[in-house]
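Pasted below: protein.cif, mmCIF, C-alpha atoms (C1' of nucleotides).
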data_final
loop_
_atom_site.label_atom_id
_atom_site.label_comp_id
_atom_site.auth_asym_id
_atom_site.auth_seq_id
_atom_site.Cartn_x
_atom_site.Cartn_y
_atom_site.Cartn_z
CA MET A 1 103.21 95.04 98.47
CA ASP A 2 102.01 94.46 101.97
CA THR A 3 98.45 93.39 102.24
CA LEU A 4 96.26 93.31 105.27
CA SER A 5 96.28 89.93 106.91
CA LEU A 6 92.92 89.69 108.57
CA GLY A 7 93.81 86.46 110.30
CA THR A 8 96.87 87.91 112.00
CA LEU A 9 94.87 90.36 114.01
CA GLY A 10 92.55 87.64 115.22
CA GLN A 11 95.43 85.41 116.28
CA HIS A 12 97.16 88.20 118.16
CA LEU A 13 93.94 89.27 119.77
CA GLN A 14 93.17 85.81 121.05
CA ALA A 15 96.75 85.12 122.10
CA LEU A 16 96.95 88.30 124.14
CA ARG A 17 93.59 87.66 125.70
CA LEU A 18 94.47 84.12 126.73
CA GLU A 19 97.86 85.22 128.07
CA ARG A 20 95.94 87.33 130.54
CA GLY A 21 93.53 84.55 131.35
CA TRP A 22 90.50 86.53 130.29
CA SER A 23 87.37 85.24 128.65
CA LEU A 24 86.05 86.68 125.46
CA SER A 25 83.04 88.02 127.29
CA GLN A 26 85.17 89.69 129.92
CA LEU A 27 87.40 91.45 127.45
CA ALA A 28 84.47 92.60 125.35
CA ALA A 29 82.71 94.01 128.40
CA ALA A 30 85.85 95.72 129.69
CA ALA A 31 86.54 97.27 126.32
CA GLY A 32 82.95 98.32 125.91
CA ILE A 33 82.26 96.46 122.70
CA ALA A 34 79.78 93.73 121.83
CA LYS A 35 81.14 90.27 122.33
CA SER A 36 79.75 89.26 118.97
CA ASN A 37 82.06 91.86 117.54
CA LEU A 38 85.10 90.50 119.34
CA SER A 39 84.17 86.94 118.47
CA ARG A 40 84.09 87.76 114.78
CA LEU A 41 87.42 89.56 114.99
CA GLU A 42 89.16 86.66 116.68
CA GLN A 43 87.90 84.39 113.95
CA GLY A 44 89.74 86.47 111.43
CA ASN A 45 86.66 87.86 109.73
CA GLY A 46 85.87 91.49 109.79
CA ASN A 47 87.55 94.78 109.42
CA PRO A 48 87.43 96.55 112.75
CA THR A 49 87.04 100.27 113.26
CA LEU A 50 89.84 102.34 114.74
CA ASP A 51 87.68 102.88 117.77
CA THR A 52 87.31 99.15 118.29
CA ILE A 53 91.03 98.44 117.86
CA TRP A 54 91.84 101.29 120.19
CA ARG A 55 89.57 100.05 122.95
CA LEU A 56 91.02 96.57 122.72
CA ALA A 57 94.61 97.81 122.68
CA VAL A 58 94.01 99.92 125.78
CA GLN A 59 92.47 97.03 127.66
CA LEU A 60 95.20 94.63 126.64
CA GLY A 61 97.85 97.21 127.44
CA VAL A 62 99.70 96.87 124.17
CA PRO A 63 101.06 99.75 122.09
CA PHE A 64 98.48 99.37 119.36
CA GLY A 65 100.68 98.46 116.45
CA THR A 66 101.32 95.20 118.27
CA LEU A 67 97.81 94.03 117.53
CA VAL A 68 98.22 94.38 113.82
CA ALA A 69 101.88 94.18 112.91
CA PRO A 70 103.16 90.71 112.14
CA ILE A 71 105.86 90.51 114.77
CA SER A 72 108.20 88.04 113.13
CA VAL A 73 108.20 89.39 109.61
CA PRO A 74 110.98 91.69 108.46
CA LEU A 75 109.34 94.43 106.42
CA GLY A 76 112.56 96.07 105.28
CA GLU A 77 114.03 95.92 101.83
CA HIS A 78 117.29 94.06 102.15
CA GLY A 79 116.98 92.30 105.45
CA VAL A 80 117.04 95.58 107.33
CA GLU A 81 114.05 97.27 108.89
CA VAL A 82 114.48 100.79 110.17
CA ARG A 83 111.89 102.76 112.07
CA LEU A 84 112.14 106.40 113.08
CA ILE A 85 111.30 106.72 116.76
CA ASP A 86 111.78 110.40 117.28
CA GLN A 87 113.55 113.37 115.84
CA GLY A 88 114.79 116.29 117.87
CA LYS A 89 114.31 119.74 116.44
CA GLU A 90 116.85 121.53 118.60
CA SER A 91 120.56 121.94 118.28
CA PRO A 92 122.35 119.64 118.06
CA GLN A 93 119.75 117.65 116.19
CA VAL A 94 119.20 114.09 117.36
CA ASP A 95 117.53 111.31 115.37
CA ALA A 96 116.48 108.15 117.14
CA TYR A 97 115.89 104.93 115.22
CA TRP A 98 114.88 101.39 115.97
CA MET A 99 116.61 98.94 113.65
CA ARG A 100 116.40 95.24 113.00
CA CYS A 101 118.74 93.21 110.81
CA ALA A 102 118.10 89.72 109.47
CA PRO A 103 120.84 87.07 109.79
CA HIS A 104 123.71 87.30 107.32
CA THR A 105 123.02 90.89 106.46
CA LEU A 106 125.66 93.44 105.55
CA ARG A 107 124.58 97.04 105.41
CA HIS A 108 126.90 99.78 104.29
CA ALA A 109 126.05 103.28 105.42
CA GLU A 110 127.28 106.36 103.66
CA PRO A 111 129.02 109.07 105.68
CA HIS A 112 126.67 111.54 107.30
CA THR A 113 127.28 115.24 107.66
CA PRO A 114 130.67 116.25 109.13
CA GLY A 115 130.77 116.03 112.88
CA ALA A 116 127.87 113.58 113.12
CA ARG A 117 128.21 110.88 115.75
CA GLU A 118 126.29 107.65 115.90
CA SER A 119 125.45 105.54 118.94
CA LEU A 120 124.18 101.98 118.91
CA THR A 121 122.70 99.94 121.72
CA LEU A 122 122.04 96.30 121.00
CA ILE A 123 118.74 95.03 122.34
CA SER A 124 118.98 91.45 121.19
CA GLY A 125 121.09 89.25 118.93
CA ARG A 126 124.64 89.82 117.76
CA LEU A 127 125.98 92.65 115.64
CA GLU A 128 129.27 93.76 114.23
CA ALA A 129 129.27 97.47 113.59
CA GLY A 130 131.32 100.63 113.39
CA PRO A 131 133.52 102.53 110.96
CA GLU A 132 134.97 100.38 108.19
CA ASP A 133 138.39 100.31 109.84
CA ASP A 134 137.25 99.98 113.44
CA LEU A 135 134.54 97.35 113.72
CA HIS A 136 133.24 96.09 117.05
CA GLU A 137 131.29 93.05 118.12
CA LEU A 138 128.19 93.84 120.16
CA ARG A 139 126.17 91.65 122.51
CA PRO A 140 122.80 92.55 124.09
CA GLY A 141 123.15 95.59 126.31
CA ASP A 142 126.38 96.73 124.70
CA SER A 143 126.69 100.24 123.33
CA LEU A 144 128.98 101.73 120.74
CA THR A 145 129.59 105.33 119.75
CA PHE A 146 131.61 106.39 116.74
CA ALA A 147 132.10 109.20 114.26
CA ALA A 148 129.48 108.77 111.56
CA ASP A 149 131.03 111.16 109.04
CA ARG A 150 132.98 108.25 107.66
CA PRO A 151 131.72 105.13 105.86
CA HIS A 152 130.48 102.57 108.37
CA ARG A 153 128.63 99.29 108.37
CA TYR A 154 126.39 96.91 110.26
CA ARG A 155 126.81 93.17 109.85
CA THR A 156 125.03 90.17 111.32
CA ASP A 157 126.28 86.62 111.32
CA ASN A 158 123.77 83.84 111.90
CA ALA A 159 121.53 85.69 114.35
CA TRP A 160 119.02 88.48 114.20
CA ALA A 161 119.98 91.83 115.66
CA THR A 162 117.67 94.43 117.16
CA LEU A 163 119.10 97.75 118.24
CA LEU A 164 118.56 101.37 119.03
CA LEU A 165 120.43 103.87 116.91
CA THR A 166 120.83 107.57 117.57
CA ILE A 167 122.53 110.04 115.30
CA VAL A 168 123.70 113.35 116.74
CA TYR A 169 124.31 115.98 114.10
CA THR A 170 126.83 118.10 115.93
CA HIS A 171 127.47 121.13 113.79
CA GLU A 172 131.01 122.29 113.17
CA GLY A 173 130.65 125.56 114.99
CA ASP A 174 128.99 124.17 118.11
CA ALA A 175 130.41 124.87 121.49
CA PRO A 176 132.22 121.88 123.02
CA MET B 1 91.82 106.38 130.73
CA ASP B 2 93.09 106.98 127.26
CA THR B 3 90.49 108.00 124.81
CA LEU B 4 90.65 108.09 121.06
CA SER B 5 91.56 111.49 119.72
CA LEU B 6 89.90 111.64 116.36
CA GLY B 7 91.53 114.90 115.46
CA THR B 8 95.04 113.61 115.96
CA LEU B 9 94.77 111.09 113.18
CA GLY B 10 93.59 113.74 110.78
CA GLN B 11 96.46 116.07 111.62
CA HIS B 12 99.04 113.37 111.21
CA LEU B 13 97.50 112.18 108.01
CA GLN B 14 97.55 115.62 106.48
CA ALA B 15 101.02 116.43 107.78
CA LEU B 16 102.50 113.27 106.34
CA ARG B 17 100.77 113.80 103.03
CA LEU B 18 101.98 117.39 102.71
CA GLU B 19 105.52 116.40 103.69
CA ARG B 20 105.54 114.23 100.62
CA GLY B 21 104.02 116.92 98.47
CA TRP B 22 101.03 114.83 97.52
CA SER B 23 97.51 116.03 96.91
CA LEU B 24 94.57 114.53 98.70
CA SER B 25 93.30 113.12 95.42
CA GLN B 26 96.65 111.53 94.63
CA LEU B 27 96.97 109.82 97.97
CA ALA B 28 93.39 108.58 97.91
CA ALA B 29 93.86 107.13 94.44
CA ALA B 30 97.19 105.54 95.30
CA ALA B 31 95.76 103.99 98.43
CA GLY B 32 92.66 102.82 96.62
CA ILE B 33 90.13 104.64 98.74
CA ALA B 34 87.56 107.30 97.92
CA LYS B 35 88.84 110.80 98.28
CA SER B 36 85.67 111.74 100.11
CA ASN B 37 86.75 109.22 102.69
CA LEU B 38 90.23 110.68 103.05
CA SER B 39 88.87 114.20 103.13
CA ARG B 40 86.59 113.37 106.03
CA LEU B 41 89.41 111.66 107.91
CA GLU B 42 91.77 114.61 107.57
CA GLN B 43 89.06 116.83 108.96
CA GLY B 44 89.05 114.77 112.09
CA ASN B 45 85.62 113.27 111.58
CA GLY B 46 85.13 109.61 111.12
CA ASN B 47 86.33 106.40 112.51
CA PRO B 48 88.30 104.64 109.79
CA THR B 49 88.40 100.94 109.20
CA LEU B 50 91.57 98.96 109.74
CA ASP B 51 91.68 98.37 106.01
CA THR B 52 91.60 102.10 105.33
CA ILE B 53 94.29 102.92 107.90
CA TRP B 54 96.42 100.11 106.58
CA ARG B 55 96.24 101.29 102.98
CA LEU B 56 97.15 104.82 103.99
CA ALA B 57 100.02 103.71 106.20
CA VAL B 58 101.48 101.60 103.41
CA GLN B 59 101.31 104.44 100.92
CA LEU B 60 102.80 106.93 103.34
CA GLY B 61 105.47 104.44 104.34
CA VAL B 62 104.92 104.81 108.05
CA PRO B 63 104.80 101.97 110.58
CA PHE B 64 101.10 102.23 111.21
CA GLY B 65 101.10 103.21 114.83
CA THR B 66 102.61 106.49 113.74
CA LEU B 67 99.34 107.55 112.21
CA VAL B 68 97.45 107.17 115.41
CA ALA B 69 99.90 107.79 118.24
CA PRO B 70 99.72 111.38 119.45
CA ILE B 71 103.26 112.69 119.18
CA SER B 72 102.90 115.95 121.00
CA VAL B 73 100.40 115.06 123.68
CA PRO B 74 101.65 113.84 127.05
CA LEU B 75 99.35 110.98 127.92
CA GLY B 76 101.26 109.99 131.01
CA GLU B 77 100.03 110.29 134.53
CA HIS B 78 102.15 112.94 136.13
CA GLY B 79 103.70 114.80 133.28
CA VAL B 80 105.62 111.76 132.14
CA GLU B 81 104.83 109.67 129.11
CA VAL B 82 106.66 106.38 128.69
CA ARG B 83 106.43 104.11 125.69
CA LEU B 84 107.99 100.67 125.39
CA ILE B 85 109.91 100.47 122.13
CA ASP B 86 111.32 97.00 122.34
CA GLN B 87 112.15 94.31 124.81
CA GLY B 88 114.97 91.83 124.35
CA LYS B 89 114.31 88.26 125.33
CA GLU B 90 117.93 87.15 125.57
CA SER B 91 120.45 87.45 128.35
CA PRO B 92 121.18 90.04 129.50
CA GLN B 93 117.68 91.35 129.02
CA VAL B 94 117.39 94.81 127.50
CA ASP B 95 114.32 97.05 127.66
CA ALA B 96 114.15 100.08 125.40
CA TYR B 97 111.82 102.97 126.18
CA TRP B 98 110.96 106.30 124.71
CA MET B 99 110.17 108.87 127.38
CA ARG B 100 108.90 112.40 127.48
CA CYS B 101 108.73 114.68 130.51
CA ALA B 102 106.72 117.86 130.80
CA PRO B 103 108.38 121.01 132.18
CA HIS B 104 108.83 121.17 135.96
CA THR B 105 108.44 117.46 136.41
CA LEU B 106 110.21 115.42 139.03
CA ARG B 107 110.03 111.67 138.71
CA HIS B 108 111.46 109.35 141.29
CA ALA B 109 112.26 105.83 140.14
CA GLU B 110 112.55 102.91 142.50
CA PRO B 111 115.67 100.74 142.34
CA HIS B 112 115.52 98.00 139.75
CA THR B 113 116.90 94.51 140.18
CA PRO B 114 120.51 94.29 141.43
CA GLY B 115 123.06 94.79 138.69
CA ALA B 116 120.67 96.64 136.41
CA ARG B 117 122.17 99.54 134.49
CA GLU B 118 120.27 102.35 132.84
CA SER B 119 121.31 104.48 129.87
CA LEU B 120 119.73 107.73 128.78
CA THR B 121 120.14 109.65 125.57
CA LEU B 122 118.51 113.04 125.38
CA ILE B 123 116.79 113.78 122.09
CA SER B 124 115.51 117.23 122.86
CA GLY B 125 115.10 119.62 125.78
CA ARG B 126 116.97 119.64 129.04
CA LEU B 127 117.06 116.98 131.72
CA GLU B 128 118.68 116.43 135.06
CA ALA B 129 118.95 112.74 135.80
CA GLY B 130 120.89 110.02 137.56
CA PRO B 131 121.19 108.40 140.97
CA GLU B 132 119.96 110.58 143.82
CA ASP B 133 123.51 111.43 144.89
CA ASP B 134 125.05 111.80 141.43
CA LEU B 135 122.79 113.87 139.22
CA HIS B 136 123.85 115.11 135.79
CA GLU B 137 122.58 117.80 133.48
CA LEU B 138 121.89 116.57 129.95
CA ARG B 139 121.58 118.49 126.69
CA PRO B 140 120.40 117.09 123.34
CA GLY B 141 122.73 114.36 122.16
CA ASP B 142 124.18 113.73 125.60
CA SER B 143 124.16 110.25 127.08
CA LEU B 144 124.34 109.02 130.63
CA THR B 145 124.78 105.54 132.04
CA PHE B 146 124.40 104.68 135.70
CA ALA B 147 123.63 101.83 138.06
CA ALA B 148 119.86 101.55 138.29
CA ASP B 149 119.73 99.33 141.36
CA ARG B 150 119.66 102.45 143.48
CA PRO B 151 116.98 105.14 143.72
CA HIS B 152 117.28 107.58 140.86
CA ARG B 153 115.32 110.44 139.39
CA TYR B 154 114.55 112.50 136.32
CA ARG B 155 113.85 116.19 136.61
CA THR B 156 112.99 118.91 134.11
CA ASP B 157 113.22 122.63 134.67
CA ASN B 158 111.28 124.92 132.37
CA ALA B 159 111.65 122.83 129.20
CA TRP B 160 110.29 119.61 127.82
CA ALA B 161 112.58 116.62 127.63
CA THR B 162 112.44 113.75 125.18
CA LEU B 163 114.83 110.86 125.58
CA LEU B 164 115.65 107.26 124.90
CA LEU B 165 116.04 105.01 127.89
CA THR B 166 117.46 101.51 127.95
CA ILE B 167 117.63 99.25 130.95
CA VAL B 168 120.06 96.35 130.91
CA TYR B 169 119.23 93.69 133.47
CA THR B 170 122.67 92.24 133.94
CA HIS B 171 122.29 89.25 136.23
CA GLU B 172 124.63 88.81 139.13
CA GLY B 173 126.23 85.65 137.85
CA ASP B 174 126.82 86.87 134.30
CA ALA B 175 130.21 86.61 132.73
CA PRO B 176 132.03 89.95 132.48
"C1'" DT C 1 89.02 134.45 77.23
"C1'" DC C 2 87.79 130.41 77.73
"C1'" DG C 3 88.10 125.65 78.30
"C1'" DA C 4 90.56 121.74 80.60
"C1'" DA C 5 92.49 119.63 84.47
"C1'" DG C 6 93.53 119.91 88.87
"C1'" DT C 7 92.34 121.02 93.87
"C1'" DG C 8 89.26 119.73 98.23
"C1'" DT C 9 84.52 119.68 99.77
"C1'" DT C 10 79.61 118.12 100.29
"C1'" DC C 11 76.00 115.54 99.39
"C1'" DC C 12 73.33 110.81 98.58
"C1'" DT C 13 73.68 105.78 98.14
"C1'" DT C 14 75.50 101.43 99.13
"C1'" DT C 15 77.91 98.51 101.93
"C1'" DT C 16 79.09 96.69 106.22
"C1'" DA C 17 80.76 96.97 111.04
"C1'" DA C 18 78.76 97.08 115.55
"C1'" DC C 19 75.02 95.97 118.41
"C1'" DG C 20 71.85 93.04 121.04
"C1'" DA C 21 69.20 89.01 121.65
"C1'" DA C 22 68.88 84.23 121.17
"C1'" DC C 23 71.24 80.04 120.74
"C1'" DG C 24 73.76 75.48 121.91
"C1'" DT C 25 77.57 74.15 125.23
"C1'" DT C 26 80.03 73.18 129.18
"C1'" DC C 27 80.80 73.30 134.14
"C1'" DT C 28 79.42 73.91 138.75
"C1'" DA C 29 76.53 73.58 142.72
"C1'" DT C 30 72.41 72.45 144.79
"C1'" DA D 1 69.41 65.02 137.81
"C1'" DT D 2 68.96 69.79 137.34
"C1'" DA D 3 68.77 74.68 137.67
"C1'" DG D 4 72.10 78.19 137.23
"C1'" DA D 5 75.73 80.78 135.22
"C1'" DA D 6 79.28 81.09 132.59
"C1'" DC D 7 81.33 80.29 127.95
"C1'" DG D 8 81.63 81.36 122.67
"C1'" DT D 9 78.76 81.26 118.67
"C1'" DT D 10 75.16 82.81 115.13
"C1'" DC D 11 71.61 85.76 113.58
"C1'" DG D 12 68.65 89.93 112.25
"C1'" DT D 13 68.62 94.95 113.00
"C1'" DT D 14 70.63 99.43 113.17
"C1'" DA D 15 74.12 102.79 112.86
"C1'" DA D 16 77.79 104.42 110.29
"C1'" DA D 17 81.95 103.96 107.20
"C1'" DA D 18 83.18 103.82 102.36
"C1'" DG D 19 82.03 104.78 97.68
"C1'" DG D 20 80.73 107.81 93.85
"C1'" DA D 21 78.97 111.85 91.60
"C1'" DA D 22 78.30 116.62 91.68
"C1'" DC D 23 79.93 120.82 93.44
"C1'" DA D 24 82.68 125.45 93.77
"C1'" DC D 25 87.21 126.75 93.38
"C1'" DT D 26 92.02 127.64 91.60
"C1'" DT D 27 95.66 127.00 88.11
"C1'" DC D 28 97.44 126.59 83.77
"C1'" DG D 29 97.81 126.70 78.77
"C1'" DA D 30 95.78 127.53 74.21
#
structure tokens encoding of this file:
Amino acid sequence: MDTLSLGTLGQHLQALRLERGWSLSQLAAAAGIAKSNLSRLEQGNGNPTLDTIWRLAVQLGVPFGTLVAPISVPLGEHGVEVRLIDQGKESPQVDAYWMRCAPHTLRHAEPHTPGARESLTLISGRLEAGPEDDLHELRPGDSLTFAADRPHRYRTDNAWATLLLTIVYTHEGDAP
Amino acid sequence: MDTLSLGTLGQHLQALRLERGWSLSQLAAAAGIAKSNLSRLEQGNGNPTLDTIWRLAVQLGVPFGTLVAPISVPLGEHGVEVRLIDQGKESPQVDAYWMRCAPHTLRHAEPHTPGARESLTLISGRLEAGPEDDLHELRPGDSLTFAADRPHRYRTDNAWATLLLTIVYTHEGDAP
DNA sequence: TCGAAGTGTTCCTTTTAACGAACGTTCTAT
DNA sequence: ATAGAACGTTCGTTAAAAGGAACACTTCGA
């Protein structure tokens, strides 16, 4: 199970601060927290409050999870990490995912509901994806749309792959 | 400036717990925290520790930022909220954003670097978007790709719009 | 009908994160 | 050289988060 790495936060915090050329005192003052507090956090000790993390994230201009999440570690089960970004509640329903595959990963996906279509956009790396009988090689920036009501797969070679994935659940009776 | 909405965390926490059909006592026990603690958090009071948030996020199986980020609240300046999802570091560079526009919003976007292309996928709502002289009406599930090195715009009528947005910075000298 | 086991809440206590002042350094300018 | 101002650290105090027990309540089975 994942455990909280106290040191990670400190490293990220300091790295982000130095990237911006700020001193510890400056950042603490701007965020409205005591510099003793920030000092302790950067050293990897301590267990900051949500309020403290929030203030720091706002000042550093990072989306919050960035401060804590170990960037380089794949959290997924079998070399694949999937994160739900958003989920439409209208018709047709649209699910948006962020996905990351480790090198030499082969992921089979079961058919979705009839009429469902899937779109991929590769952000970085290389990826081979599509229906079993119609695979395509993607490079960063490339997009691919295919019918997702058939078995399909995602495969990486010797590189990581990061991509956006949207599934549109077009119902059978929908107007064209 | 963004301020910490204490109530938001509580709502999300409770919503996620109920989605899974768990009781407050169960979740608290599984996460290894006192149920009095969890109870207070769900009520919107309190300022949890990173350790506490972490344990809850792991148990609920959500990527951490989900607990805190206000889903339904437009934090953006002028009715537009934009969130960076990911940023490729290879060539061509790819930026992925999640974006949400309030009703009756008109957003002009300046031209990006030459050769840049932008792709939209509407998750929910209605949106009119594209280059100034070639606007398109999008419905959920629709996608649109256009050259982003010209002025373009996004406009909503009387509905919200949630979408994915990717910008591909294809350099001039890139191979086809 | 009456426990027994669950729910979520409200206290009080203990622990500890955040604060603020003092500290030793380093660097600059007078 | 030397006073000044910055840096990041360490320390004792204070505010508050987390823990734990009791609480009133509902649900279920004997």
Could you tell me which residues the PyMOL selection byres ((chain B) within 9 of (chain D)) returns for this structure, as a VMD selection string? chain B and resid 33 to 34 36 to 37 46 to 49
Among listed residues B:Lys35, B:His112, B:Arg20, B:Arg117, nearest chain C (using only C-alpha atoms (C1' of nucleotides)): B:Lys35
Taking all atoms listed in the file into account and nothing else, which residues of chain C lie no more than 9 Å away from chain B? Please answer as a PDB file with C-alpha atoms (C1' of nucleotides), in the coordinates of the input.
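Okay, this is what ended up in iface.pdb:
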ATOM      1  C1'  DT C   7      92.340 121.020  93.870  1.00  0.00           C
ATOM      2  C1'  DG C   8      89.260 119.730  98.230  1.00  0.00           C
ATOM      3  C1'  DT C   9      84.520 119.680  99.770  1.00  0.00           C
ATOM      4  C1'  DT C  10      79.610 118.120 100.290  1.00  0.00           C
ATOM      5  C1'  DA C  17      80.760  96.970 111.040  1.00  0.00           C
TER       6       DA C  17
END
For the file shown, report as a PDB file with C-alpha atoms, in the frame of the given file the outcome of the PyMOL selection byres ((chain B) within 9 of (chain A)) at residue level.
ATOM      1  CA  MET B   1      91.820 106.380 130.730  1.00  0.00           C
ATOM      2  CA  ASP B   2      93.090 106.980 127.260  1.00  0.00           C
ATOM      3  CA  THR B   3      90.490 108.000 124.810  1.00  0.00           C
ATOM      4  CA  LEU B   4      90.650 108.090 121.060  1.00  0.00           C
ATOM      5  CA  ASN B  47      86.330 106.400 112.510  1.00  0.00           C
ATOM      6  CA  PRO B  48      88.300 104.640 109.790  1.00  0.00           C
ATOM      7  CA  THR B  49      88.400 100.940 109.200  1.00  0.00           C
ATOM      8  CA  LEU B  50      91.570  98.960 109.740  1.00  0.00           C
ATOM      9  CA  ASP B  51      91.680  98.370 106.010  1.00  0.00           C
ATOM     10  CA  ILE B  53      94.290 102.920 107.900  1.00  0.00           C
ATOM     11  CA  TRP B  54      96.420 100.110 106.580  1.00  0.00           C
ATOM     12  CA  ARG B  55      96.240 101.290 102.980  1.00  0.00           C
ATOM     13  CA  VAL B  58     101.480 101.600 103.410  1.00  0.00           C
ATOM     14  CA  VAL B  62     104.920 104.810 108.050  1.00  0.00           C
ATOM     15  CA  PRO B  63     104.800 101.970 110.580  1.00  0.00           C
ATOM     16  CA  PHE B  64     101.100 102.230 111.210  1.00  0.00           C
ATOM     17  CA  GLY B  65     101.100 103.210 114.830  1.00  0.00           C
ATOM     18  CA  THR B  66     102.610 106.490 113.740  1.00  0.00           C
ATOM     19  CA  VAL B  68      97.450 107.170 115.410  1.00  0.00           C
ATOM     20  CA  ALA B  69      99.900 107.790 118.240  1.00  0.00           C
ATOM     21  CA  ARG B  83     106.430 104.110 125.690  1.00  0.00           C
ATOM     22  CA  LEU B  84     107.990 100.670 125.390  1.00  0.00           C
ATOM     23  CA  ILE B  85     109.910 100.470 122.130  1.00  0.00           C
ATOM     24  CA  ASP B  86     111.320  97.000 122.340  1.00  0.00           C
ATOM     25  CA  GLN B  87     112.150  94.310 124.810  1.00  0.00           C
ATOM     26  CA  GLY B  88     114.970  91.830 124.350  1.00  0.00           C
ATOM     27  CA  LYS B  89     114.310  88.260 125.330  1.00  0.00           C
ATOM     28  CA  GLU B  90     117.930  87.150 125.570  1.00  0.00           C
ATOM     29  CA  SER B  91     120.450  87.450 128.350  1.00  0.00           C
ATOM     30  CA  PRO B  92     121.180  90.040 129.500  1.00  0.00           C
ATOM     31  CA  GLN B  93     117.680  91.350 129.020  1.00  0.00           C
ATOM     32  CA  VAL B  94     117.390  94.810 127.500  1.00  0.00           C
ATOM     33  CA  ASP B  95     114.320  97.050 127.660  1.00  0.00           C
ATOM     34  CA  ALA B  96     114.150 100.080 125.400  1.00  0.00           C
ATOM     35  CA  TRP B  98     110.960 106.300 124.710  1.00  0.00           C
ATOM     36  CA  THR B 121     120.140 109.650 125.570  1.00  0.00           C
ATOM     37  CA  LEU B 122     118.510 113.040 125.380  1.00  0.00           C
ATOM     38  CA  ILE B 123     116.790 113.780 122.090  1.00  0.00           C
ATOM     39  CA  SER B 124     115.510 117.230 122.860  1.00  0.00           C
ATOM     40  CA  GLY B 125     115.100 119.620 125.780  1.00  0.00           C
ATOM     41  CA  ARG B 139     121.580 118.490 126.690  1.00  0.00           C
ATOM     42  CA  PRO B 140     120.400 117.090 123.340  1.00  0.00           C
ATOM     43  CA  GLY B 141     122.730 114.360 122.160  1.00  0.00           C
ATOM     44  CA  ASP B 142     124.180 113.730 125.600  1.00  0.00           C
ATOM     45  CA  THR B 162     112.440 113.750 125.180  1.00  0.00           C
ATOM     46  CA  LEU B 163     114.830 110.860 125.580  1.00  0.00           C
ATOM     47  CA  LEU B 164     115.650 107.260 124.900  1.00  0.00           C
ATOM     48  CA  THR B 166     117.460 101.510 127.950  1.00  0.00           C
ATOM     49  CA  ILE B 167     117.630  99.250 130.950  1.00  0.00           C
ATOM     50  CA  VAL B 168     120.060  96.350 130.910  1.00  0.00           C
ATOM     51  CA  TYR B 169     119.230  93.690 133.470  1.00  0.00           C
ATOM     52  CA  THR B 170     122.670  92.240 133.940  1.00  0.00           C
TER      53      THR B 170
END
Just the number, please: Cα RMSD of chain A on chain B after least-squares superposition over all C-alpha atoms matched in order. 1.4 Å
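One finds atom CA of B:Ala147 at 21.1 Å from atom CA of B:Cys101.
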Could you tell me which residues the PyMOL selection byres ((chain B and resi 44) around 7) returns for this structure, as an NGL selection string? :B and (6-7 or 9-10 or 40-43 or 45-46)
Quick one, how far is atom CA of B:Leu144 from atom CA of A:Glu137?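 About the pair atom CA of B:Leu144 and atom CA of A:Glu137: they are 21.4 Å apart.
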Could you please determine the separation between atom CA of A:Gly130 and atom CA of A:Thr145 in Å, to one decimal place? 8.1 Å
